[in-house]
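Asker: The structure follows.
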Amino acid sequence: MLYEENIHYFRNKDGSLLQGFLHTPLNNIKNIGIIYCPPFAEEENCSHAVIVQAARRFTETGYHVFRFYYSGTGDSEGVFSQSTLTVWKDDILQAINFFKSKTGIDKIALWGLRLGSDLMLCTCDESKPEFALIWQPILDFKSYIHNFLRLYFGTQIIVDSSVKFSSEELIKQLKKHGKLEIGGYQLSEELYKSFKEQKNFWEIDNSKTTFPLYIFTISMNQNPPFKIRHFLSSLVLKTSQYQHIEDTPFWDRYWIWKSEKIVQNTISWINSQV
Amino acid sequence: MKMDILEEVRQVIRNSVAPNVKIEELTDQFQLTGNVLDSMAVTNLILALEEHFDITFEDEELTGEAFETVSSLTNLVQNKVNN
């Protein structure tokens with residue numbers, strides 16, 4: 001085996017314990033650690049196998065990789081319905097601090113999938129990464145949270161054969177009761193609001209970005225989404241690279257356990273940067 | 001036209017929610033609910049159809065009947081594409 005894996009616990013801003021996993025290379029050790037920022041709700045579960053495999057592959061090439069669960073998710077302490085995107089952005093910074101103190105490695109890179117890729121970009125002024133790996137960012141947060149509410153539709157269609165509560169009615173229920181169970185997750189009004197207020201991917205100010213970005217999207221279509229092309233046209237950074245592949249998304253279906261192209265292409269890009 | 005849409009709907013179903021079902025098994029009357037669809041799969045299928053056909057479903061269009069069979073789902077898509 002070319003690496004070790006250990007569970008660690010560290011504290012978030014409020015003192016709750018967050019769970020993390022440190023993948024430590026045993027050979028060819030590089031002086032940069034990669035911090036992984038996970039996606040939202042079921043996307044975390046669906047993507048877990050691919051992410052662990054990717055983390056191990058990155059570690060085999062000499063990088064420390066640190067994965068963790070946000071407050072109120074996985075085996076981290078906290079209540080899901082009391083979390084907001086601001087709390088999770090702070091968690092990313094705490095994870096970076098823990099990683100640096102644990103390993104003594106000062107240089108870090110950020111790697112995020114879906115929600116994680118957007119949140120980590122918001123921390124860059126403080127986290128100052130050497131590079132960032134952005135896998136399938138959320139392009140439009142209002143659409144994203146609307147589609148999350150649609151999980152409720154799915155349940156209604158399967159159980160009741162019809163949609164009895166429209167999106168508008170669901171939002172009224174959310175405001176009235178303060179939370180709503182969607183697909184097994186207690187969505188609070190605060191968390192919902194934080195999604196609605198989150199800047200979209202292409203609206204995040206990248207003019208001060210000084211580190212290379214690698215943006216990767218996957219879809220069943222040959223062409224990338226229009227919005228990502230629009231974002232890239234406004235991206236000033238010449239060291240950034242965008243790649244789209246036609247493949248099965250692994251973050252929203254349970255049966256995809258491998259996604260070799262994204263892992264291999266990411267390793268090739270990292271090696272070309274360092 | 002209807003035939004083309006049927007073929008595309010079958011492909012979208014297979015790619016998004018039914019990877020273990022052979023495409024030839026996805027006949028007009030293939031039962032989706034109670035077979036390959038659970039609540040998360042319904043949501044994924046809605047999103048996949050919207051992305052593939054560049055359409056947006058209204059809440060009131062999403063009924064149990066529409067998701068019952070391949071044929072009923074094709075009719076839902078056909079109506080959106082025609083509008």
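Note on naming: chains are A, B, ... as they come in the structure tokens, residues start from 1 per chain, ligands start from 1 in the order shown.
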What residues in chain B have any atom no more than 7 Å from chain A when counting only C-alpha atoms, and can you write them as a ChimeraX atom specification?
Answerer: /B:33,38-40,42-43,59-60,62-65
Asker: Excluding stretch 55-61 of chain A and any residue of its chain fewer than 5 positions from it, enumerate the residues within 10 Å of it, using only C-alpha atoms, and give them as a PyMOL selection string.
Answerer: chain A and resi 1-5+22-30+33-36+49-50+66-67+111+263-264+266-267+270-271
Asker: Got a sec to tell me which of chain B DSSP assigns to alpha helix (DSSP H), as a short mmCIF file (atom, residue, chain, number, x, y, z; two decimals) with N, CA, C and O atoms, in the first residue's frame?
Answerer:
```
data_model
loop_
_atom_site.label_atom_id
_atom_site.label_comp_id
_atom_site.auth_asym_id
_atom_site.auth_seq_id
_atom_site.Cartn_x
_atom_site.Cartn_y
_atom_site.Cartn_z
N LYS B 2 -43.46 11.77 -33.25
CA LYS B 2 -43.79 11.10 -32.00
C LYS B 2 -42.83 9.93 -31.77
O LYS B 2 -42.37 9.70 -30.66
N MET B 3 -42.51 9.22 -32.88
CA MET B 3 -41.62 8.07 -32.79
C MET B 3 -40.23 8.50 -32.32
O MET B 3 -39.62 7.86 -31.46
N ASP B 4 -39.76 9.64 -32.88
CA ASP B 4 -38.43 10.13 -32.49
C ASP B 4 -38.40 10.46 -31.01
O ASP B 4 -37.46 10.15 -30.31
N ILE B 5 -39.44 11.14 -30.56
CA ILE B 5 -39.50 11.53 -29.15
C ILE B 5 -39.56 10.29 -28.27
O ILE B 5 -38.89 10.21 -27.24
N LEU B 6 -40.36 9.30 -28.68
CA LEU B 6 -40.44 8.05 -27.91
C LEU B 6 -39.05 7.43 -27.76
O LEU B 6 -38.66 7.04 -26.64
N GLU B 7 -38.31 7.38 -28.85
CA GLU B 7 -36.96 6.79 -28.80
C GLU B 7 -36.06 7.58 -27.84
O GLU B 7 -35.31 7.01 -27.06
N GLU B 8 -36.16 8.91 -27.94
CA GLU B 8 -35.32 9.75 -27.08
C GLU B 8 -35.71 9.61 -25.61
O GLU B 8 -34.85 9.57 -24.73
N VAL B 9 -37.03 9.54 -25.36
CA VAL B 9 -37.50 9.37 -23.97
C VAL B 9 -36.99 8.04 -23.42
O VAL B 9 -36.51 7.98 -22.28
N ARG B 10 -37.04 6.99 -24.23
CA ARG B 10 -36.54 5.68 -23.78
C ARG B 10 -35.05 5.77 -23.42
O ARG B 10 -34.61 5.21 -22.42
N GLN B 11 -34.29 6.48 -24.25
CA GLN B 11 -32.86 6.63 -23.98
C GLN B 11 -32.62 7.40 -22.68
O GLN B 11 -31.77 7.03 -21.87
N VAL B 12 -33.41 8.47 -22.51
CA VAL B 12 -33.23 9.29 -21.30
C VAL B 12 -33.58 8.47 -20.06
O VAL B 12 -32.87 8.52 -19.04
N ILE B 13 -34.67 7.70 -20.14
CA ILE B 13 -35.07 6.85 -19.00
C ILE B 13 -33.94 5.89 -18.66
O ILE B 13 -33.53 5.76 -17.51
N ARG B 14 -33.43 5.24 -19.69
CA ARG B 14 -32.39 4.23 -19.45
C ARG B 14 -31.14 4.88 -18.85
O ARG B 14 -30.58 4.39 -17.86
N ASN B 15 -30.73 5.99 -19.44
CA ASN B 15 -29.49 6.64 -18.98
C ASN B 15 -29.61 7.24 -17.58
O ASN B 15 -28.64 7.29 -16.84
N SER B 16 -30.82 7.72 -17.24
CA SER B 16 -30.93 8.47 -15.97
C SER B 16 -31.43 7.62 -14.81
O SER B 16 -31.02 7.86 -13.67
N SER B 39 -38.68 8.06 -5.34
CA SER B 39 -38.82 9.53 -5.32
C SER B 39 -37.61 10.24 -5.90
O SER B 39 -37.73 11.22 -6.64
N MET B 40 -36.41 9.74 -5.59
CA MET B 40 -35.22 10.41 -6.12
C MET B 40 -35.11 10.18 -7.64
O MET B 40 -34.72 11.09 -8.39
N ALA B 41 -35.48 8.97 -8.07
CA ALA B 41 -35.41 8.67 -9.50
C ALA B 41 -36.39 9.54 -10.29
O ALA B 41 -36.07 9.98 -11.40
N VAL B 42 -37.58 9.79 -9.72
CA VAL B 42 -38.55 10.67 -10.40
C VAL B 42 -37.92 12.04 -10.62
O VAL B 42 -37.98 12.61 -11.72
N THR B 43 -37.30 12.57 -9.57
CA THR B 43 -36.68 13.90 -9.66
C THR B 43 -35.56 13.90 -10.70
O THR B 43 -35.46 14.82 -11.52
N ASN B 44 -34.72 12.87 -10.67
CA ASN B 44 -33.63 12.79 -11.66
C ASN B 44 -34.17 12.69 -13.07
O ASN B 44 -33.61 13.28 -14.00
N LEU B 45 -35.27 11.93 -13.21
CA LEU B 45 -35.86 11.78 -14.55
C LEU B 45 -36.43 13.11 -15.05
O LEU B 45 -36.26 13.47 -16.22
N ILE B 46 -37.09 13.84 -14.17
CA ILE B 46 -37.62 15.16 -14.54
C ILE B 46 -36.48 16.05 -15.04
O ILE B 46 -36.55 16.66 -16.11
N LEU B 47 -35.40 16.10 -14.27
CA LEU B 47 -34.26 16.96 -14.63
C LEU B 47 -33.61 16.51 -15.94
O LEU B 47 -33.25 17.33 -16.78
N ALA B 48 -33.49 15.19 -16.10
CA ALA B 48 -32.86 14.67 -17.31
C ALA B 48 -33.71 14.99 -18.54
O ALA B 48 -33.17 15.36 -19.60
N LEU B 49 -35.02 14.86 -18.42
CA LEU B 49 -35.91 15.18 -19.55
C LEU B 49 -35.86 16.67 -19.87
O LEU B 49 -35.81 17.07 -21.04
N GLU B 50 -35.84 17.50 -18.82
CA GLU B 50 -35.79 18.95 -19.04
C GLU B 50 -34.48 19.33 -19.75
O GLU B 50 -34.48 20.17 -20.66
N GLU B 51 -33.39 18.73 -19.31
CA GLU B 51 -32.09 19.06 -19.91
C GLU B 51 -32.04 18.55 -21.35
O GLU B 51 -31.62 19.27 -22.25
N HIS B 52 -32.48 17.32 -21.57
CA HIS B 52 -32.37 16.73 -22.90
C HIS B 52 -33.23 17.46 -23.93
O HIS B 52 -32.79 17.73 -25.05
N PHE B 53 -34.47 17.76 -23.55
CA PHE B 53 -35.40 18.39 -24.51
C PHE B 53 -35.45 19.92 -24.40
O PHE B 53 -36.21 20.55 -25.12
N VAL B 70 -43.95 4.35 -20.12
CA VAL B 70 -43.11 5.03 -21.12
C VAL B 70 -44.00 5.86 -22.04
O VAL B 70 -43.69 7.00 -22.38
N SER B 71 -45.15 5.30 -22.41
CA SER B 71 -46.07 5.98 -23.32
C SER B 71 -46.63 7.27 -22.69
O SER B 71 -46.65 8.32 -23.34
N SER B 72 -47.09 7.18 -21.44
CA SER B 72 -47.67 8.38 -20.80
C SER B 72 -46.62 9.47 -20.61
O SER B 72 -46.90 10.66 -20.78
N LEU B 73 -45.38 9.05 -20.33
CA LEU B 73 -44.31 10.03 -20.16
C LEU B 73 -43.96 10.68 -21.50
O LEU B 73 -43.71 11.89 -21.59
N THR B 74 -43.99 9.87 -22.55
CA THR B 74 -43.72 10.41 -23.90
C THR B 74 -44.79 11.45 -24.27
O THR B 74 -44.47 12.48 -24.86
N ASN B 75 -46.05 11.16 -23.92
CA ASN B 75 -47.12 12.13 -24.20
C ASN B 75 -46.87 13.45 -23.47
O ASN B 75 -47.09 14.53 -24.03
N LEU B 76 -46.41 13.36 -22.20
CA LEU B 76 -46.12 14.57 -21.43
C LEU B 76 -45.04 15.40 -22.14
O LEU B 76 -45.19 16.62 -22.31
N VAL B 77 -43.98 14.71 -22.56
CA VAL B 77 -42.87 15.40 -23.24
C VAL B 77 -43.33 15.96 -24.58
O VAL B 77 -43.05 17.11 -24.93
N GLN B 78 -44.08 15.14 -25.31
CA GLN B 78 -44.58 15.55 -26.64
C GLN B 78 -45.37 16.86 -26.53
O GLN B 78 -45.18 17.78 -27.33
N ASN B 79 -46.25 16.93 -25.53
CA ASN B 79 -47.07 18.14 -25.35
C ASN B 79 -46.20 19.36 -25.06
O ASN B 79 -46.46 20.45 -25.56
N LYS B 80 -45.15 19.15 -24.25
CA LYS B 80 -44.26 20.29 -23.93
C LYS B 80 -43.48 20.72 -25.17
O LYS B 80 -43.34 21.92 -25.43
N VAL B 81 -42.96 19.74 -25.90
CA VAL B 81 -42.14 20.06 -27.08
C VAL B 81 -42.99 20.79 -28.12
O VAL B 81 -42.54 21.75 -28.75
N ASN B 82 -44.24 20.35 -28.28
CA ASN B 82 -45.14 20.99 -29.27
C ASN B 82 -45.52 22.41 -28.89
O ASN B 82 -45.83 23.23 -29.74
#
```
Asker: Extract the full set of strand (DSSP E) residues from stretch 120-196 of chain A according to DSSP on the backbone, and format it as a list in words.
Answerer: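 The strand (DSSP E) residues within stretch 120-196 of chain A come out as Ala132, Leu133, Ile134, Trp135, Lys179, Leu180, Glu181, Ile182, Tyr185, Gln186, Leu187 and Ser188 of chain A.
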Asker: Please, could you write that set of residues out with C-alpha atoms as an mmCIF file, in the first residue's frame?
Answerer:
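Result went into selection_6.cif, see below:
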```cif
data_model
loop_
_atom_site.group_PDB
_atom_site.id
_atom_site.type_symbol
_atom_site.label_atom_id
_atom_site.label_comp_id
_atom_site.auth_asym_id
_atom_site.auth_seq_id
_atom_site.Cartn_x
_atom_site.Cartn_y
_atom_site.Cartn_z
ATOM 1 C CA ALA A 132 -8.409 24.546 -7.270
ATOM 2 C CA LEU A 133 -10.155 21.499 -8.718
ATOM 3 C CA ILE A 134 -13.767 22.314 -9.506
ATOM 4 C CA TRP A 135 -15.906 19.313 -10.336
ATOM 5 C CA LYS A 179 -38.528 23.459 8.302
ATOM 6 C CA LEU A 180 -39.661 20.805 5.881
ATOM 7 C CA GLU A 181 -38.563 17.226 5.344
ATOM 8 C CA ILE A 182 -37.310 16.751 1.793
ATOM 9 C CA TYR A 185 -33.362 15.899 5.029
ATOM 10 C CA GLN A 186 -34.780 18.583 7.339
ATOM 11 C CA LEU A 187 -34.533 21.671 5.165
ATOM 12 C CA SER A 188 -34.797 24.764 7.372
#
```
Asker: For the atom pair atom CA of B:Phe67 and atom CA of A:Ile256, what is the interatomic distance in Å to one decimal place?
Answerer: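 Computing the Euclidean distance for atom CA of B:Phe67 and atom CA of A:Ile256 yields 23.8 Å.
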Asker: So, with only C-alpha atoms as the atoms that count, which of B:Asp54, B:Leu32, B:Val21, B:Thr27 lies closest to B:Glu68?
Answerer: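 Between B:Asp54, B:Leu32, B:Val21, B:Thr27, the residue approaching B:Glu68 most closely is B:Leu32.
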